[in-house]
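Engineer: Quick one, protein-v9.txt (compact mmCIF, C-alpha atoms):
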```txt
# COMPACT_ATOMS: atom_id res chain seq x y z
CA MET A 1 58.60 127.50 166.19
CA ALA A 2 56.83 130.85 166.26
CA LYS A 3 53.04 130.84 166.31
CA TRP A 4 51.04 131.86 163.28
CA GLY A 5 51.35 135.63 162.86
CA GLU A 6 54.28 135.92 165.26
CA GLY A 7 58.04 135.94 164.83
CA ASP A 8 60.31 137.71 162.39
CA PRO A 9 58.08 139.43 159.77
CA ARG A 10 60.48 138.44 157.01
CA TRP A 11 59.24 134.89 157.45
CA ILE A 12 55.48 135.56 157.72
CA VAL A 13 53.90 133.32 155.11
CA GLU A 14 50.14 133.56 155.59
CA ASP A 15 49.88 135.90 152.58
CA ARG A 16 52.02 133.64 150.37
CA PRO A 17 50.50 130.36 149.16
CA ASP A 18 53.91 129.01 148.17
CA ALA A 19 55.63 130.19 151.39
CA THR A 20 58.85 130.66 149.43
CA ASN A 21 61.46 133.46 149.74
CA VAL A 22 59.16 135.79 151.65
CA ASN A 23 59.92 139.49 151.02
CA ASN A 24 62.83 138.46 148.78
CA TRP A 25 64.93 137.93 151.90
CA HIS A 26 67.18 135.36 150.24
CA TRP A 27 69.39 135.91 147.20
CA VAL A 28 67.19 137.23 144.38
CA GLU A 29 68.69 138.00 140.98
CA LYS A 30 67.29 139.89 137.99
CA ASN A 31 69.19 139.55 134.72
CA ALA A 32 69.86 142.99 133.23
CA THR A 33 72.22 142.03 130.42
CA ASN A 34 70.00 142.56 127.37
CA TRP A 35 68.49 145.75 128.78
CA SER A 36 71.99 147.04 129.55
CA LYS A 37 73.29 146.41 126.04
CA ASP A 38 70.33 148.22 124.51
CA ARG A 39 70.62 151.13 126.94
CA ILE A 40 74.38 151.54 126.44
CA LYS A 41 73.93 151.53 122.67
CA GLU A 42 71.12 154.08 122.94
CA LEU A 43 73.25 156.41 125.10
CA LEU A 44 76.40 156.24 122.97
CA LEU A 45 75.24 155.94 119.38
CA GLY A 46 75.17 159.34 117.69
CA LEU A 47 77.05 161.05 120.53
CA LYS A 48 78.70 164.22 119.14
CA VAL A 49 81.80 166.12 120.17
CA GLU A 50 81.85 169.69 118.83
CA THR A 51 84.80 172.06 119.20
CA GLU A 52 86.17 175.11 117.43
CA LYS A 53 88.54 172.83 115.52
CA GLY A 54 86.09 170.21 114.35
CA THR A 55 83.34 167.70 115.08
CA CYS A 56 83.41 164.00 115.91
CA GLU A 57 80.48 161.58 116.19
CA ILE A 58 80.02 157.96 117.26
CA LYS A 59 78.68 156.22 114.15
CA GLU A 60 78.47 152.61 115.26
CA ILE A 61 78.55 150.42 118.37
CA SER A 62 80.04 147.27 116.90
CA HIS A 63 80.57 145.16 120.02
CA ILE A 64 79.16 144.98 123.57
CA GLU A 65 80.33 141.90 125.46
CA GLY A 66 79.57 141.20 129.12
CA GLU A 67 76.76 140.83 131.62
CA ALA A 68 74.75 142.73 134.22
CA SER A 69 72.39 141.81 137.03
CA ALA A 70 70.65 143.26 140.06
CA ASN A 71 70.68 141.21 143.24
CA ASN A 72 69.03 141.42 146.63
CA ARG A 73 70.53 139.78 149.70
CA LYS A 74 68.79 140.50 153.01
CA ALA A 75 67.26 143.74 151.74
CA LYS A 76 70.60 144.95 150.40
CA LEU A 77 70.83 145.69 146.68
CA ILE A 78 73.97 144.57 144.88
CA PHE A 79 74.53 145.42 141.21
CA PHE A 80 76.92 143.46 139.01
CA TYR A 81 77.91 144.77 135.59
CA GLU A 82 80.97 144.18 133.48
CA PHE A 83 81.21 145.12 129.81
CA GLU A 84 83.70 145.65 127.02
CA ILE A 85 82.41 148.09 124.41
CA LYS A 86 83.79 148.72 120.91
CA GLY A 87 82.65 151.23 118.34
CA GLU A 88 83.52 153.47 115.43
CA TRP A 89 83.67 157.25 115.14
CA SER A 90 84.06 159.71 112.30
CA GLY A 91 84.98 163.38 112.26
CA MET A 92 85.66 166.42 110.15
CA LEU A 93 87.82 169.45 110.80
CA LYS A 94 86.29 172.90 110.44
CA ASP A 95 86.38 174.24 106.86
CA ASP A 96 87.42 170.81 105.57
CA ILE A 97 85.36 168.69 103.18
CA LYS A 98 86.99 165.36 103.98
CA SER A 99 85.97 163.16 106.88
CA TYR A 100 88.17 160.73 108.82
CA LYS A 101 87.27 157.59 110.72
CA GLY A 102 88.56 155.67 113.69
CA LYS A 103 87.70 153.20 116.41
CA PHE A 104 87.35 153.24 120.20
CA VAL A 105 87.36 150.60 122.93
CA ILE A 106 85.97 150.83 126.48
CA PRO A 107 87.55 147.84 128.26
CA ASN A 108 86.52 148.36 131.87
CA LEU A 109 82.89 149.30 132.42
CA SER A 110 82.23 147.56 135.75
CA GLU A 111 81.06 148.26 139.29
CA GLU A 112 84.70 148.11 140.39
CA ASN A 113 85.43 151.43 138.63
CA GLU A 114 83.96 154.86 139.16
CA PRO A 115 82.58 156.48 135.97
CA SER A 116 85.46 158.99 136.09
CA ASP A 117 87.95 156.08 135.95
CA ILE A 118 86.51 154.44 132.83
CA ASP A 119 89.15 154.10 130.09
CA VAL A 120 88.44 154.99 126.47
CA ASN A 121 91.11 153.89 124.00
CA VAL A 122 90.93 155.77 120.68
CA THR A 123 92.59 155.04 117.33
CA ALA A 124 92.40 156.58 113.83
CA ASP A 125 92.17 154.53 110.66
CA LYS A 126 94.68 156.73 108.80
CA SER A 127 98.02 158.28 109.72
CA SER A 128 97.71 161.92 108.79
CA ASN A 129 97.82 165.24 110.61
CA GLU A 130 94.08 165.74 110.15
CA ALA A 131 93.19 162.25 111.42
CA HIS A 132 95.54 162.66 114.38
CA GLU A 133 93.99 166.01 115.29
CA LEU A 134 90.46 164.57 115.18
CA LYS A 135 91.57 161.56 117.22
CA ASP A 136 92.84 163.93 119.94
CA ILE A 137 89.51 165.77 119.95
CA PHE A 138 87.60 162.53 120.38
CA ARG A 139 90.09 161.17 122.95
CA THR A 140 89.88 164.24 125.22
CA GLN A 141 86.43 165.84 125.01
CA GLY A 142 84.82 162.65 123.71
CA THR A 143 86.04 160.56 126.63
CA GLU A 144 84.40 162.92 129.13
CA LEU A 145 81.08 162.79 127.27
CA ILE A 146 81.24 158.99 127.12
CA ARG A 147 81.91 158.82 130.86
CA GLN A 148 78.89 161.04 131.51
CA GLN A 149 76.67 158.80 129.38
CA LEU A 150 77.91 155.63 131.09
CA ALA A 151 77.31 157.25 134.50
CA LYS A 152 73.73 157.76 133.32
CA TYR A 153 73.55 154.08 132.36
CA ILE A 154 74.65 153.07 135.87
CA SER A 155 72.03 155.36 137.41
CA ASP A 156 69.33 154.03 135.08
CA LEU A 157 70.31 150.43 135.86
CA LYS A 158 69.85 151.01 139.58
CA THR A 159 66.54 152.80 139.03
CA GLU A 160 65.13 150.31 136.53
CA TYR A 161 66.26 147.11 138.23
CA GLY A 162 66.06 148.25 141.84
CA GLN A 163 62.27 148.32 141.64
CA ASN A 164 60.34 145.49 143.31
CA ILE A 165 63.46 143.49 144.08
CA ILE A 166 63.20 144.51 147.76
CA LEU A 167 59.62 143.95 148.84
CA PRO A 168 58.02 145.70 151.83
CA THR A 169 57.20 143.68 154.91
CA LYS A 170 53.59 143.23 155.97
CA SER A 171 54.07 145.75 158.76
CA SER A 172 57.06 148.09 158.71
CA ASP A 173 56.46 148.96 162.36
CA THR A 174 56.61 145.30 163.30
CA ALA A 175 59.76 144.84 161.27
CA GLN A 176 61.45 147.70 163.08
CA THR A 177 60.45 146.60 166.56
CA SER A 178 60.70 142.82 166.21
CA GLN A 179 62.98 141.12 168.69
CA PRO A 180 65.73 138.60 167.79
CA VAL A 181 64.44 135.06 167.42
CA HIS A 182 65.92 132.60 169.94
CA ASN A 183 66.24 128.85 169.71
CA LYS A 184 64.94 126.32 172.19
CA GLU A 185 67.98 126.77 174.40
CA ASN A 186 67.34 130.53 174.48
CA LYS A 187 70.59 131.24 172.66
CA PRO A 188 70.74 133.86 169.88
CA LYS A 189 71.03 132.48 166.36
CA GLN A 190 74.44 132.87 164.81
CA GLU A 191 74.65 135.91 162.53
CA LEU A 192 75.30 134.89 158.95
CA ASN A 193 78.03 137.46 158.39
CA LYS A 194 79.83 136.70 161.65
CA PHE A 195 82.90 134.57 161.06
CA VAL A 196 83.06 131.44 163.23
CA THR A 197 86.48 131.21 164.85
CA ILE A 198 87.79 129.80 168.10
CA ASN A 199 90.80 131.28 169.84
CA ASN A 200 93.30 128.56 170.47
CA GLY A 201 94.72 130.20 173.57
CA LYS A 202 98.46 130.84 173.79
CA GLN A 203 100.06 131.22 170.37
CA PRO A 204 103.32 129.31 169.83
CA GLU A 205 106.34 131.44 169.11
CA VAL A 206 108.04 131.55 165.72
CA GLY A 207 110.58 128.76 165.34
CA VAL A 208 108.66 126.20 167.38
CA ARG A 209 108.31 122.86 165.56
CA ILE A 210 104.74 122.46 164.33
CA HIS A 211 103.14 119.09 163.67
CA THR A 212 100.78 119.40 160.72
CA LYS A 213 98.05 117.41 159.01
CA THR A 214 96.32 117.43 155.63
CA LEU A 215 92.60 118.09 155.21
CA THR A 216 90.57 116.79 152.27
CA MET A 217 86.94 117.67 151.59
CA SER A 218 84.48 116.99 148.77
CA GLU A 219 81.27 119.00 148.41
CA SER A 220 78.52 118.99 145.79
CA PHE A 221 76.73 122.17 144.65
CA ASN A 222 73.70 122.51 142.39
CA CYS A 223 75.25 124.97 139.95
CA GLN A 224 77.71 125.13 137.09
CA ALA A 225 81.43 125.26 137.76
CA SER A 226 81.58 128.78 136.36
CA ASP A 227 78.95 129.94 138.91
CA LEU A 228 80.83 128.37 141.80
CA TYR A 229 84.17 129.77 140.65
CA ARG A 230 82.60 133.22 140.46
CA ALA A 231 81.24 132.87 144.00
CA LEU A 232 84.75 132.00 145.20
CA THR A 233 86.57 134.79 143.33
CA TYR A 234 84.20 137.70 142.63
CA LYS A 235 84.59 140.23 145.45
CA PRO A 236 80.92 141.36 145.78
CA MET A 237 79.80 137.72 146.01
CA VAL A 238 82.55 136.85 148.50
CA GLU A 239 81.44 139.84 150.60
CA ALA A 240 77.90 138.44 150.61
CA TYR A 241 78.97 135.48 152.76
CA MET A 242 82.22 136.72 154.36
CA GLY A 243 81.18 140.27 155.22
CA SER A 244 82.28 143.62 153.83
CA GLY A 245 85.60 145.38 154.31
CA ILE A 246 87.65 142.56 152.83
CA THR A 247 90.89 142.84 150.86
CA PHE A 248 90.41 140.57 147.87
CA GLU A 249 91.80 140.68 144.33
CA PRO A 250 91.94 137.20 142.70
CA ILE A 251 95.20 137.66 140.83
CA LYS A 252 98.27 135.44 141.11
CA GLY A 253 100.62 136.89 143.74
CA GLU A 254 97.99 139.18 145.32
CA LYS A 255 97.37 138.96 149.06
CA PHE A 256 93.91 138.72 150.61
CA SER A 257 92.35 139.37 154.00
CA LEU A 258 88.90 138.10 155.06
CA ALA A 259 86.68 138.03 158.14
CA GLY A 260 88.16 141.10 159.78
CA GLY A 261 91.70 139.84 159.28
CA ASN A 262 91.05 136.43 160.82
CA ILE A 263 91.92 134.80 157.50
CA THR A 264 94.87 136.01 155.42
CA GLY A 265 96.85 134.60 152.54
CA GLU A 266 98.00 134.94 148.96
CA PHE A 267 96.79 133.64 145.59
CA VAL A 268 99.27 131.17 144.09
CA ASP A 269 97.43 130.04 140.96
CA LEU A 270 94.02 130.50 139.33
CA VAL A 271 92.54 128.56 136.42
CA PRO A 272 89.11 130.06 135.60
CA ASP A 273 86.20 127.72 136.37
CA GLN A 274 88.60 124.89 137.28
CA LYS A 275 91.17 125.50 140.00
CA ILE A 276 92.28 127.88 142.79
CA VAL A 277 95.52 127.52 144.75
CA LYS A 278 96.38 129.83 147.66
CA ARG A 279 98.49 130.20 150.78
CA TRP A 280 96.09 130.41 153.72
CA ARG A 281 96.24 130.93 157.48
CA VAL A 282 94.06 131.80 160.46
CA LYS A 283 95.14 134.60 162.79
CA SER A 284 95.31 132.28 165.81
CA TRP A 285 97.87 130.00 164.13
CA PRO A 286 101.58 130.27 164.97
CA SER A 287 103.08 133.44 163.49
CA GLU A 288 103.98 133.27 159.79
CA HIS A 289 102.75 129.69 159.45
CA TYR A 290 100.75 129.14 156.25
CA SER A 291 98.95 126.14 154.84
CA GLU A 292 98.36 125.58 151.12
CA VAL A 293 94.80 125.23 149.84
CA THR A 294 93.98 123.66 146.47
CA ILE A 295 90.37 123.82 145.27
CA GLU A 296 89.37 121.94 142.13
CA LEU A 297 85.96 122.21 140.45
CA ILE A 298 84.49 119.36 138.40
CA ASP A 299 81.38 120.16 136.34
CA LYS A 300 78.88 117.30 136.06
CA GLU A 301 75.87 118.39 133.96
CA GLY A 302 74.34 121.04 136.19
CA THR A 303 76.08 120.07 139.42
CA THR A 304 79.64 120.78 140.45
CA THR A 305 81.88 118.76 142.74
CA LEU A 306 84.33 120.84 144.75
CA ASN A 307 87.42 118.98 145.94
CA LEU A 308 89.56 120.73 148.54
CA LYS A 309 93.00 119.68 149.73
CA GLN A 310 94.71 121.72 152.44
CA THR A 311 98.20 120.81 153.55
CA GLY A 312 100.21 122.17 156.47
CA ILE A 313 97.37 122.61 159.00
CA PRO A 314 98.56 122.55 162.64
CA GLU A 315 97.31 119.19 163.90
CA THR A 316 95.46 120.81 166.83
CA GLU A 317 93.50 122.93 164.31
CA ILE A 318 92.37 120.24 161.86
CA ASP A 319 88.82 119.84 163.22
CA LYS A 320 88.28 123.59 163.61
CA THR A 321 89.52 124.18 160.07
CA ARG A 322 87.14 121.59 158.63
CA GLU A 323 84.23 123.13 160.56
CA GLY A 324 85.27 126.61 159.44
CA TRP A 325 85.13 125.71 155.74
CA LYS A 326 81.78 124.01 156.26
CA GLU A 327 80.08 126.79 158.21
CA ASN A 328 81.73 129.93 156.83
CA TYR A 329 81.92 128.90 153.17
CA TRP A 330 79.92 125.92 151.93
CA ASN A 331 76.75 126.29 154.03
CA ARG A 332 76.58 130.05 153.58
CA MET A 333 77.14 129.85 149.83
CA ARG A 334 74.33 127.29 149.50
CA GLN A 335 71.99 129.43 151.57
CA ILE A 336 72.78 132.79 149.94
CA PHE A 337 73.13 131.75 146.30
CA GLY A 338 70.82 128.74 146.34
CA PHE A 339 73.59 126.31 145.40
CA GLY A 340 71.87 123.22 146.71
CA SER A 341 69.33 124.42 149.24
CA ARG A 342 65.60 124.74 148.81
CA ILE A 343 63.77 127.41 150.77
CA PHE A 344 60.56 126.36 152.49
```
Take the structure in the file and give it back as structure tokens.
Structural biologist:
Amino acid sequence: MAKWGEGDPRWIVEDRPDATNVNNWHWVEKNATNWSKDRIKELLLGLKVETEKGTCEIKEISHIEGEASANNRKAKLIFFYEFEIKGEWSGMLKDDIKSYKGKFVIPNLSEENEPSDIDVNVTADKSSNEAHELKDIFRTQGTELIRQQLAKYISDLKTEYGQNIILPTKSSDTAQTSQPVHNKENKPKQELNKFVTINNGKQPEVGVRIHTKTLTMSESFNCQASDLYRALTYKPMVEAYMGSGITFEPIKGEKFSLAGGNITGEFVDLVPDQKIVKRWRVKSWPSEHYSEVTIELIDKEGTTTLNLKQTGIPETEIDKTREGWKENYWNRMRQIFGFGSRIF
């Protein structure tokens, strides 16, 4: 153990009476949902589109459903936001005394889409030439203005909720020059985002008979099933413990690639908050040989039991596979998201 005042500055605790989560080094989350809903409404309500043909205006934001949060993991800010927005517009053509109304839906405001890719679906309440012409005005020029306003929301979210979530270290110079901490055997600690894998040596050729075994595991996490399912399927959260640069889209039939291509597979079935089934293999396994992984989540009043069954594992890989799930998934998820670990 490092002496008082020595060691990695992220863990210096003499200035913290509780000695907990020093410098917000672990997963820290700030809920931004209510602020986001208010800010989106403020930016969109009353927005006007004025052209030579006529004018349209957003009169009401009738529905904002979703959530947003700002997260810090090891001094890296991660923003989650996902909203569906519905509203009403009205417009009037130039030199006309009658106004027309319609509705709009924004189904995909999320960090997975650039502001320029946000969809705005527009409808008119009446079927007439005038209503159709106003709808086209709102759909074209109005969509661009809405995208600009939502881009401002994203910028404001990062400014407003990026403050104080990453705390400065006691000495920035020390933080920059500190040396890696070594254990008693003078071996470097394993990097959290480095995937643990062991090369099995010579890889059997395709067509060779493979003896397989089935792996079963049961793990308990201090969170709701919905939280655990999100950690297993939401790409930014998966990247937090598996590393960036992954290919991952949790949709039935979609392929995935994790840990620099060491793990590949395909989603077979997904039942939100309950079950995930996927074809799964490690790069060192015999070519084209896949196992099948079934993960079931059972919610028990604040805790969730995860039951895993994996069939078709090469019998020489059973122990390594069990250790891989434990080290690369369960332990990291507990440490990063606080699903069962207390930080001292």
Engineer: Looking at A:Ser69, A:Ser155, A:Thr214, A:Thr247, which one is nearest to A:Gly265, with distances taken over only C-alpha atoms?
Structural biologist: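 Nearest to A:Gly265: A:Thr247.
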Engineer: Around the point (85.1, 169.6, 110.4), in the coordinates given by the file, pick out the residues reaching within 7 Å, counting only C-alpha atoms, and return them as an MDAnalysis selection string.
Structural biologist: chainID A and resid 53:55 91:96
Engineer: Skip A:Tyr229 itself and residues of its chain fewer than 3 positions away, then list as a PyMOL selection string all residues within 8 Å of it, counting all atoms listed in the file.
Structural biologist: chain A and resi 225-226+232-233+272-274+297
Engineer: Residues near A:Asn222, anyone? I mean within 12 Å using only C-alpha atoms, not counting same-chain ones fewer than 6 positions away, as an mmCIF file with C-alpha atoms, keeping the file's coordinate frame.
Structural biologist:
```
data_model
loop_
_atom_site.group_PDB
_atom_site.id
_atom_site.type_symbol
_atom_site.label_atom_id
_atom_site.label_comp_id
_atom_site.auth_asym_id
_atom_site.auth_seq_id
_atom_site.Cartn_x
_atom_site.Cartn_y
_atom_site.Cartn_z
ATOM 1 C CA LEU A 228 80.830 128.370 141.800
ATOM 2 C CA ILE A 298 84.490 119.360 138.400
ATOM 3 C CA ASP A 299 81.380 120.160 136.340
ATOM 4 C CA LYS A 300 78.880 117.300 136.060
ATOM 5 C CA GLU A 301 75.870 118.390 133.960
ATOM 6 C CA GLY A 302 74.340 121.040 136.190
ATOM 7 C CA THR A 303 76.080 120.070 139.420
ATOM 8 C CA THR A 304 79.640 120.780 140.450
ATOM 9 C CA THR A 305 81.880 118.760 142.740
ATOM 10 C CA LEU A 306 84.330 120.840 144.750
ATOM 11 C CA TRP A 330 79.920 125.920 151.930
ATOM 12 C CA MET A 333 77.140 129.850 149.830
ATOM 13 C CA ARG A 334 74.330 127.290 149.500
ATOM 14 C CA GLN A 335 71.990 129.430 151.570
ATOM 15 C CA PHE A 337 73.130 131.750 146.300
ATOM 16 C CA GLY A 338 70.820 128.740 146.340
ATOM 17 C CA PHE A 339 73.590 126.310 145.400
ATOM 18 C CA GLY A 340 71.870 123.220 146.710
ATOM 19 C CA SER A 341 69.330 124.420 149.240
ATOM 20 C CA ARG A 342 65.600 124.740 148.810
#
```
Engineer: Please list as a PyMOL selection string every residue within 6 Å of stretch 106-112 of chain A, counting only C-alpha atoms and excluding residues in the same chain fewer than 4 positions away.
Structural biologist: chain A and resi 81-85+119-120
Engineer: Interatomic distance between atom CA of A:Leu77 and atom CA of A:Lys37?
Structural biologist: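 We find that atom CA of A:Leu77 and atom CA of A:Lys37 lie 20.8 Å from each other.
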Engineer: Quick check, in Å to one decimal: how far apart do atom CA of A:Ile118 and atom CA of A:Thr143 lie?
Structural biologist: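 Separating atom CA of A:Ile118 from atom CA of A:Thr143 is a distance of 8.7 Å.
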Engineer: Between atom CA of A:Pro286 and atom CA of A:Val238, what is the spacing in Å?
Structural biologist: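 So the two atoms, atom CA of A:Val238 and atom CA of A:Pro286, lie 26.0 Å apart.
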Engineer: If we count all atoms listed in the file, what is near A:Leu258 at a cut-off of 7 Å, once residues fewer than 6 positions away on the same chain are taken out, given as a list in words?
Structural biologist: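 My reading of the contact set: Met242, Ile246, Thr247 and Thr264 of chain A.
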